[in-house]
Amino acid sequence: MTEQKKQVALVTGASRGIGAAIALELAERGYTVIGTATTDAGAARIGETLAAKGGRGVNLNVNDAAGVDALLDDILKTDGGLHVLVNNAGITRDTLAMRMKDDDWSAVIDTNLQAVFRLSRAAIRPMMKQRFGRIISVTSVVGAMGNAGQANYAAAKAGVAGMSRALARELGSRGITVNCVAPGFIATDMTSVLPEEQKKALTSQIPMGDLGKPSDIAHAVAFLASEGAGYITGHELHVNGGMYM
Ligand code: NAD
């Protein structure tokens, strides 16, 4: 635990939902947490909470390559290292494949897959120097099971899981673990927009009988970031109430 007090964690999409829960959980556990939001107001909001634990909020669009590089430079200068990267930011643009526009496909692939690679690549160099790092990406049960109307999202999340297994093999000898946490259906703004009928149908597929909470995902991420998970790499941890086993 003393070692973890000095560790620096970057959490993308930390303004709300699962990302906010992860940022707060890591801050509670003694990490210096940099949480990103897509607006200055969002960054200020999450920053207020994180500041009490030595962290801060920053404005970042994960699709802005220059912004990602600038943020990594700033973290290394200000905080002296980066130990944990949590790729959480994500979007959906659901529609059946026959109606899916190229833009619906590429927007989801850009934010949910391309940006995860870009951030992971940027984090590797400092983590290699430290000979320590934890790269944890939030994937989805949909990447493993598929879901009608989410071909773009399923492809992106399955892509992140595959990429993580490749990075785990590449970086294992450098003390860097690379894992994913795959939520099932979690009560956040992302799922609150689903029609009531669809929510009922989804809930009926969950053996534990209810949607999960953002904190369920935050606890799994915190475990994979911890010292105790140091021999786990290339794993996708499913947190879904038994929906997918
Ligand atoms: P949410 O919509 O509440 O939050 C998404 C976050 O990502 C927001 O903070 C948003 O600002 C950020 N974001 C979106 N586009 C961004 C961009 N271009 N740059 C930077 N940040 C951006 O969703 P959530 O439910 O909290 O989802 C968080 C993660 O969990 C996502 O990767 C999502 O795919 C995944 N997930 C969620 C569920 C669920 O049931 N809620 C299930 C499986 C996976």
# chains A, B, ... in the order shown; residues from 1 in each chain; ligands from 1
$ residues_near_ligand --ligand "ligand 1" --cutoff "9 Å" --atoms "only C-alpha atoms and all ligand atoms" --output "PyMOL selection string"
chain A and resi 12-21+36-39+42+59-64+87-92+107+110-112+115+137-143+153+157+181-192+211-214+217+240
$ select_by_dssp --residues "range 50-243 of chain A" --states "helix (DSSP H, G or I)" --output "number ranges by chain"
A: 50-51, 65-79, 97-99, 102-130, 141-145, 151-174, 189-192, 196-204, 214-225, 227-229
$ residues_around --residues "Met243 in chain A" --least-positions-apart "4" --cutoff "10 Å" --atoms "only C-alpha atoms" --output "number ranges by chain"
A: 141, 145, 183-185, 202-209, 238-239
$ write_last_selection --atoms "C-alpha atoms" --output "PDB file, in the first residue's frame"
ATOM      1  CA  VAL A 141     -19.826  -8.171 -22.710  1.00  0.00           C
ATOM      2  CA  MET A 145     -21.395 -12.041 -27.119  1.00  0.00           C
ATOM      3  CA  PRO A 183     -18.867  -4.867 -17.902  1.00  0.00           C
ATOM      4  CA  GLY A 184     -22.237  -6.432 -18.548  1.00  0.00           C
ATOM      5  CA  PHE A 185     -25.125  -3.955 -18.320  1.00  0.00           C
ATOM      6  CA  LEU A 202     -31.702  -7.402 -20.868  1.00  0.00           C
ATOM      7  CA  THR A 203     -32.321  -7.751 -17.144  1.00  0.00           C
ATOM      8  CA  SER A 204     -34.095 -11.056 -17.744  1.00  0.00           C
ATOM      9  CA  GLN A 205     -30.828 -12.425 -19.218  1.00  0.00           C
ATOM     10  CA  ILE A 206     -28.834 -11.604 -16.061  1.00  0.00           C
ATOM     11  CA  PRO A 207     -28.746 -14.514 -13.575  1.00  0.00           C
ATOM     12  CA  MET A 208     -28.127 -12.076 -10.704  1.00  0.00           C
ATOM     13  CA  GLY A 209     -31.374 -10.331 -11.671  1.00  0.00           C
ATOM     14  CA  HIS A 238     -16.061 -10.236 -17.055  1.00  0.00           C
ATOM     15  CA  VAL A 239     -18.183  -8.382 -14.494  1.00  0.00           C
TER      16      VAL A 239
END
$ select_by_dssp --residues "range 10-145 of chain A" --states "strand (DSSP E)" --output "short mmCIF file (atom, residue, chain, number, x, y, z; two decimals) with C-alpha atoms, in the first residue's frame"
data_model
loop_
_atom_site.label_atom_id
_atom_site.label_comp_id
_atom_site.auth_asym_id
_atom_site.auth_seq_id
_atom_site.Cartn_x
_atom_site.Cartn_y
_atom_site.Cartn_z
CA LEU A 10 -4.77 8.30 -15.71
CA VAL A 11 -8.48 7.54 -16.19
CA THR A 32 -2.70 10.36 -7.64
CA VAL A 33 -5.52 10.32 -10.20
CA ILE A 34 -5.73 12.42 -13.36
CA GLY A 35 -9.30 12.13 -14.62
CA THR A 36 -10.24 13.33 -18.09
CA ALA A 37 -13.47 14.96 -19.27
CA ARG A 56 -6.82 16.69 -10.88
CA GLY A 57 -9.26 16.87 -13.77
CA VAL A 58 -8.18 17.69 -17.33
CA ASN A 59 -9.99 18.34 -20.59
CA VAL A 84 -1.78 3.00 -14.31
CA LEU A 85 -3.65 3.82 -17.51
CA VAL A 86 -7.38 3.13 -17.51
CA ASN A 87 -8.91 3.36 -20.99
CA GLY A 133 2.86 -0.41 -15.52
CA ARG A 134 -0.77 -1.40 -15.58
CA ILE A 135 -2.81 -0.83 -18.72
CA ILE A 136 -6.48 -1.60 -18.08
CA SER A 137 -9.16 -1.10 -20.72
CA VAL A 138 -12.90 -1.17 -20.19
#
$ closest_residue --among "A:Met128, A:Ala9, A:Leu76, A:Met100" --to "Gly54 in chain A" --atoms "only C-alpha atoms"
A:Ala9
$ atom_distance --atom1 "CA of Arg93 in chain A" --atom2 "CA of Ser106 in chain A"
10.0 Å
$ atom_distance --atom1 "CA of Lys77 in chain A" --atom2 "CA of Ala218 in chain A"
27.2 Å
$ closest_residue --among "A:Asp216, A:Ala97, A:Glu28, A:Leu167" --to "Phe117 in chain A" --atoms "only C-alpha atoms"
A:Leu167
$ closest_residue --among "A:Leu194, A:Ala229, A:Val116, A:Leu224" --to "Met163 in chain A" --atoms "only C-alpha atoms"
A:Val116
$ closest_residue --among "A:Arg174, A:Gly146, A:Ala151, A:Asp79" --to "Gln130 in chain A" --atoms "only C-alpha atoms"
A:Arg174
$ residues_around --residues "Arg165 in chain A" --least-positions-apart "2" --cutoff "12 Å" --atoms "only C-alpha atoms" --output "PyMOL selection string"
chain A and resi 135-137+158-163+167-172+177-180+232-236
$ atom_distance --atom1 "CA of Asp74 in chain A" --atom2 "CA of Ser173 in chain A"
27.0 Å
$ closest_residue --among "A:Ile176, A:Leu237, A:Ala220, A:Ala154" --to "Glu25 in chain A" --atoms "only C-alpha atoms"
A:Ala220
$ decode --residues "range 104-242 of chain A" --atoms "C-alpha atoms" --output "PDB file, in the first residue's frame"
ATOM      1  CA  ASP A 104     -21.493   5.448 -37.288  1.00  0.00           C
ATOM      2  CA  TRP A 105     -18.875   2.761 -37.783  1.00  0.00           C
ATOM      3  CA  SER A 106     -15.798   4.973 -37.795  1.00  0.00           C
ATOM      4  CA  ALA A 107     -16.859   7.228 -34.886  1.00  0.00           C
ATOM      5  CA  VAL A 108     -17.195   4.188 -32.612  1.00  0.00           C
ATOM      6  CA  ILE A 109     -14.014   2.516 -33.890  1.00  0.00           C
ATOM      7  CA  ASP A 110     -12.059   5.799 -33.505  1.00  0.00           C
ATOM      8  CA  THR A 111     -13.127   6.482 -29.911  1.00  0.00           C
ATOM      9  CA  ASN A 112     -13.386   2.921 -28.588  1.00  0.00           C
ATOM     10  CA  LEU A 113     -10.453   1.246 -30.365  1.00  0.00           C
ATOM     11  CA  GLN A 114      -8.082   3.622 -32.174  1.00  0.00           C
ATOM     12  CA  ALA A 115      -7.880   6.003 -29.205  1.00  0.00           C
ATOM     13  CA  VAL A 116      -7.284   3.102 -26.800  1.00  0.00           C
ATOM     14  CA  PHE A 117      -4.299   2.038 -28.897  1.00  0.00           C
ATOM     15  CA  ARG A 118      -3.029   5.634 -29.102  1.00  0.00           C
ATOM     16  CA  LEU A 119      -3.180   6.146 -25.332  1.00  0.00           C
ATOM     17  CA  SER A 120      -1.695   2.731 -24.594  1.00  0.00           C
ATOM     18  CA  ARG A 121       1.191   3.364 -27.011  1.00  0.00           C
ATOM     19  CA  ALA A 122       1.885   6.722 -25.351  1.00  0.00           C
ATOM     20  CA  ALA A 123       1.897   5.097 -21.898  1.00  0.00           C
ATOM     21  CA  ILE A 124       4.274   2.262 -22.829  1.00  0.00           C
ATOM     22  CA  ARG A 125       7.485   4.343 -22.987  1.00  0.00           C
ATOM     23  CA  PRO A 126       7.314   5.764 -19.441  1.00  0.00           C
ATOM     24  CA  MET A 127       6.073   2.425 -18.100  1.00  0.00           C
ATOM     25  CA  MET A 128       9.035   0.650 -19.720  1.00  0.00           C
ATOM     26  CA  LYS A 129      11.444   3.120 -18.106  1.00  0.00           C
ATOM     27  CA  GLN A 130       9.807   2.445 -14.730  1.00  0.00           C
ATOM     28  CA  ARG A 131       9.770  -1.301 -15.470  1.00  0.00           C
ATOM     29  CA  PHE A 132       6.261  -1.142 -14.057  1.00  0.00           C
ATOM     30  CA  GLY A 133       2.861  -0.411 -15.515  1.00  0.00           C
ATOM     31  CA  ARG A 134      -0.767  -1.403 -15.578  1.00  0.00           C
ATOM     32  CA  ILE A 135      -2.813  -0.834 -18.721  1.00  0.00           C
ATOM     33  CA  ILE A 136      -6.479  -1.605 -18.085  1.00  0.00           C
ATOM     34  CA  SER A 137      -9.161  -1.103 -20.720  1.00  0.00           C
ATOM     35  CA  VAL A 138     -12.902  -1.172 -20.194  1.00  0.00           C
ATOM     36  CA  THR A 139     -14.339  -3.460 -22.869  1.00  0.00           C
ATOM     37  CA  SER A 140     -17.843  -4.961 -22.860  1.00  0.00           C
ATOM     38  CA  VAL A 141     -19.826  -8.171 -22.710  1.00  0.00           C
ATOM     39  CA  VAL A 142     -20.957  -7.127 -26.187  1.00  0.00           C
ATOM     40  CA  GLY A 143     -17.425  -7.672 -27.547  1.00  0.00           C
ATOM     41  CA  ALA A 144     -17.679 -11.323 -26.487  1.00  0.00           C
ATOM     42  CA  MET A 145     -21.395 -12.041 -27.119  1.00  0.00           C
ATOM     43  CA  GLY A 146     -22.318  -9.604 -29.889  1.00  0.00           C
ATOM     44  CA  ASN A 147     -25.548  -7.603 -29.796  1.00  0.00           C
ATOM     45  CA  ALA A 148     -27.989  -6.735 -32.564  1.00  0.00           C
ATOM     46  CA  GLY A 149     -27.557  -3.074 -33.520  1.00  0.00           C
ATOM     47  CA  GLN A 150     -24.012  -2.844 -32.162  1.00  0.00           C
ATOM     48  CA  ALA A 151     -21.736  -4.241 -34.919  1.00  0.00           C
ATOM     49  CA  ASN A 152     -19.484  -1.164 -34.597  1.00  0.00           C
ATOM     50  CA  TYR A 153     -19.311  -1.343 -30.782  1.00  0.00           C
ATOM     51  CA  ALA A 154     -18.812  -5.142 -30.678  1.00  0.00           C
ATOM     52  CA  ALA A 155     -15.977  -4.883 -33.230  1.00  0.00           C
ATOM     53  CA  ALA A 156     -14.258  -2.108 -31.264  1.00  0.00           C
ATOM     54  CA  LYS A 157     -14.510  -3.864 -27.885  1.00  0.00           C
ATOM     55  CA  ALA A 158     -13.409  -7.256 -29.268  1.00  0.00           C
ATOM     56  CA  GLY A 159     -10.558  -5.369 -30.962  1.00  0.00           C
ATOM     57  CA  VAL A 160      -9.427  -3.885 -27.645  1.00  0.00           C
ATOM     58  CA  ALA A 161      -9.457  -7.334 -26.027  1.00  0.00           C
ATOM     59  CA  GLY A 162      -7.315  -8.761 -28.854  1.00  0.00           C
ATOM     60  CA  MET A 163      -4.968  -5.778 -28.813  1.00  0.00           C
ATOM     61  CA  SER A 164      -4.566  -6.161 -25.040  1.00  0.00           C
ATOM     62  CA  ARG A 165      -3.560  -9.814 -25.383  1.00  0.00           C
ATOM     63  CA  ALA A 166      -0.928  -8.812 -27.986  1.00  0.00           C
ATOM     64  CA  LEU A 167       0.411  -6.002 -25.754  1.00  0.00           C
ATOM     65  CA  ALA A 168       0.461  -8.372 -22.772  1.00  0.00           C
ATOM     66  CA  ARG A 169       2.812 -10.674 -24.695  1.00  0.00           C
ATOM     67  CA  GLU A 170       4.915  -7.723 -25.885  1.00  0.00           C
ATOM     68  CA  LEU A 171       5.309  -6.094 -22.472  1.00  0.00           C
ATOM     69  CA  GLY A 172       5.225  -8.937 -19.943  1.00  0.00           C
ATOM     70  CA  SER A 173       8.996  -9.059 -19.571  1.00  0.00           C
ATOM     71  CA  ARG A 174       9.049  -5.317 -18.770  1.00  0.00           C
ATOM     72  CA  GLY A 175       6.861  -5.516 -15.678  1.00  0.00           C
ATOM     73  CA  ILE A 176       3.825  -4.130 -17.509  1.00  0.00           C
ATOM     74  CA  THR A 177       0.506  -5.962 -17.310  1.00  0.00           C
ATOM     75  CA  VAL A 178      -2.264  -5.375 -19.846  1.00  0.00           C
ATOM     76  CA  ASN A 179      -5.809  -6.431 -19.005  1.00  0.00           C
ATOM     77  CA  CYS A 180      -9.453  -5.625 -19.694  1.00  0.00           C
ATOM     78  CA  VAL A 181     -12.553  -5.371 -17.550  1.00  0.00           C
ATOM     79  CA  ALA A 182     -15.698  -6.244 -19.511  1.00  0.00           C
ATOM     80  CA  PRO A 183     -18.867  -4.867 -17.902  1.00  0.00           C
ATOM     81  CA  GLY A 184     -22.237  -6.432 -18.548  1.00  0.00           C
ATOM     82  CA  PHE A 185     -25.125  -3.955 -18.320  1.00  0.00           C
ATOM     83  CA  ILE A 186     -24.367  -1.244 -15.788  1.00  0.00           C
ATOM     84  CA  ALA A 187     -26.730   1.525 -14.648  1.00  0.00           C
ATOM     85  CA  THR A 188     -25.168   4.688 -16.173  1.00  0.00           C
ATOM     86  CA  ASP A 189     -26.171   7.452 -18.618  1.00  0.00           C
ATOM     87  CA  MET A 190     -25.121   5.101 -21.457  1.00  0.00           C
ATOM     88  CA  THR A 191     -27.790   2.525 -20.553  1.00  0.00           C
ATOM     89  CA  SER A 192     -30.420   4.948 -19.186  1.00  0.00           C
ATOM     90  CA  VAL A 193     -31.273   5.931 -22.788  1.00  0.00           C
ATOM     91  CA  LEU A 194     -32.348   2.372 -23.683  1.00  0.00           C
ATOM     92  CA  PRO A 195     -36.114   1.848 -24.063  1.00  0.00           C
ATOM     93  CA  GLU A 196     -37.789   0.330 -20.949  1.00  0.00           C
ATOM     94  CA  GLU A 197     -38.770  -2.814 -22.894  1.00  0.00           C
ATOM     95  CA  GLN A 198     -35.160  -3.409 -23.938  1.00  0.00           C
ATOM     96  CA  LYS A 199     -33.951  -2.875 -20.350  1.00  0.00           C
ATOM     97  CA  LYS A 200     -36.471  -5.462 -19.093  1.00  0.00           C
ATOM     98  CA  ALA A 201     -35.364  -7.950 -21.771  1.00  0.00           C
ATOM     99  CA  LEU A 202     -31.702  -7.402 -20.868  1.00  0.00           C
ATOM    100  CA  THR A 203     -32.321  -7.751 -17.144  1.00  0.00           C
ATOM    101  CA  SER A 204     -34.095 -11.056 -17.744  1.00  0.00           C
ATOM    102  CA  GLN A 205     -30.828 -12.425 -19.218  1.00  0.00           C
ATOM    103  CA  ILE A 206     -28.834 -11.604 -16.061  1.00  0.00           C
ATOM    104  CA  PRO A 207     -28.746 -14.514 -13.575  1.00  0.00           C
ATOM    105  CA  MET A 208     -28.127 -12.076 -10.704  1.00  0.00           C
ATOM    106  CA  GLY A 209     -31.374 -10.331 -11.671  1.00  0.00           C
ATOM    107  CA  ASP A 210     -30.302  -6.704 -11.943  1.00  0.00           C
ATOM    108  CA  LEU A 211     -28.050  -4.235 -13.728  1.00  0.00           C
ATOM    109  CA  GLY A 212     -24.614  -3.713 -12.183  1.00  0.00           C
ATOM    110  CA  LYS A 213     -23.335  -0.514 -10.524  1.00  0.00           C
ATOM    111  CA  PRO A 214     -20.366   1.596 -11.673  1.00  0.00           C
ATOM    112  CA  SER A 215     -18.635   0.635  -8.395  1.00  0.00           C
ATOM    113  CA  ASP A 216     -18.747  -3.062  -9.425  1.00  0.00           C
ATOM    114  CA  ILE A 217     -16.499  -2.176 -12.361  1.00  0.00           C
ATOM    115  CA  ALA A 218     -14.340   0.200 -10.309  1.00  0.00           C
ATOM    116  CA  HIS A 219     -13.512  -2.574  -7.812  1.00  0.00           C
ATOM    117  CA  ALA A 220     -12.431  -4.922 -10.619  1.00  0.00           C
ATOM    118  CA  VAL A 221     -10.221  -2.230 -12.180  1.00  0.00           C
ATOM    119  CA  ALA A 222      -8.668  -1.388  -8.800  1.00  0.00           C
ATOM    120  CA  PHE A 223      -7.877  -5.071  -8.256  1.00  0.00           C
ATOM    121  CA  LEU A 224      -6.120  -5.363 -11.643  1.00  0.00           C
ATOM    122  CA  ALA A 225      -4.161  -2.181 -10.837  1.00  0.00           C
ATOM    123  CA  SER A 226      -3.076  -3.502  -7.458  1.00  0.00           C
ATOM    124  CA  GLU A 227       0.168  -5.170  -6.476  1.00  0.00           C
ATOM    125  CA  GLY A 228      -1.755  -8.385  -5.801  1.00  0.00           C
ATOM    126  CA  ALA A 229      -2.698  -8.691  -9.477  1.00  0.00           C
ATOM    127  CA  GLY A 230       0.914  -8.454 -10.664  1.00  0.00           C
ATOM    128  CA  TYR A 231       0.958 -11.945 -12.217  1.00  0.00           C
ATOM    129  CA  ILE A 232      -2.284 -11.450 -14.182  1.00  0.00           C
ATOM    130  CA  THR A 233      -1.874 -10.252 -17.758  1.00  0.00           C
ATOM    131  CA  GLY A 234      -3.699 -10.657 -21.064  1.00  0.00           C
ATOM    132  CA  HIS A 235      -6.925 -11.288 -19.143  1.00  0.00           C
ATOM    133  CA  GLU A 236     -10.434 -10.000 -19.771  1.00  0.00           C
ATOM    134  CA  LEU A 237     -12.295  -9.961 -16.470  1.00  0.00           C
ATOM    135  CA  HIS A 238     -16.061 -10.236 -17.055  1.00  0.00           C
ATOM    136  CA  VAL A 239     -18.183  -8.382 -14.494  1.00  0.00           C
ATOM    137  CA  ASN A 240     -21.756  -9.010 -15.571  1.00  0.00           C
ATOM    138  CA  GLY A 241     -23.832 -10.798 -12.914  1.00  0.00           C
ATOM    139  CA  GLY A 242     -23.440 -14.094 -14.781  1.00  0.00           C
TER     140      GLY A 242
END
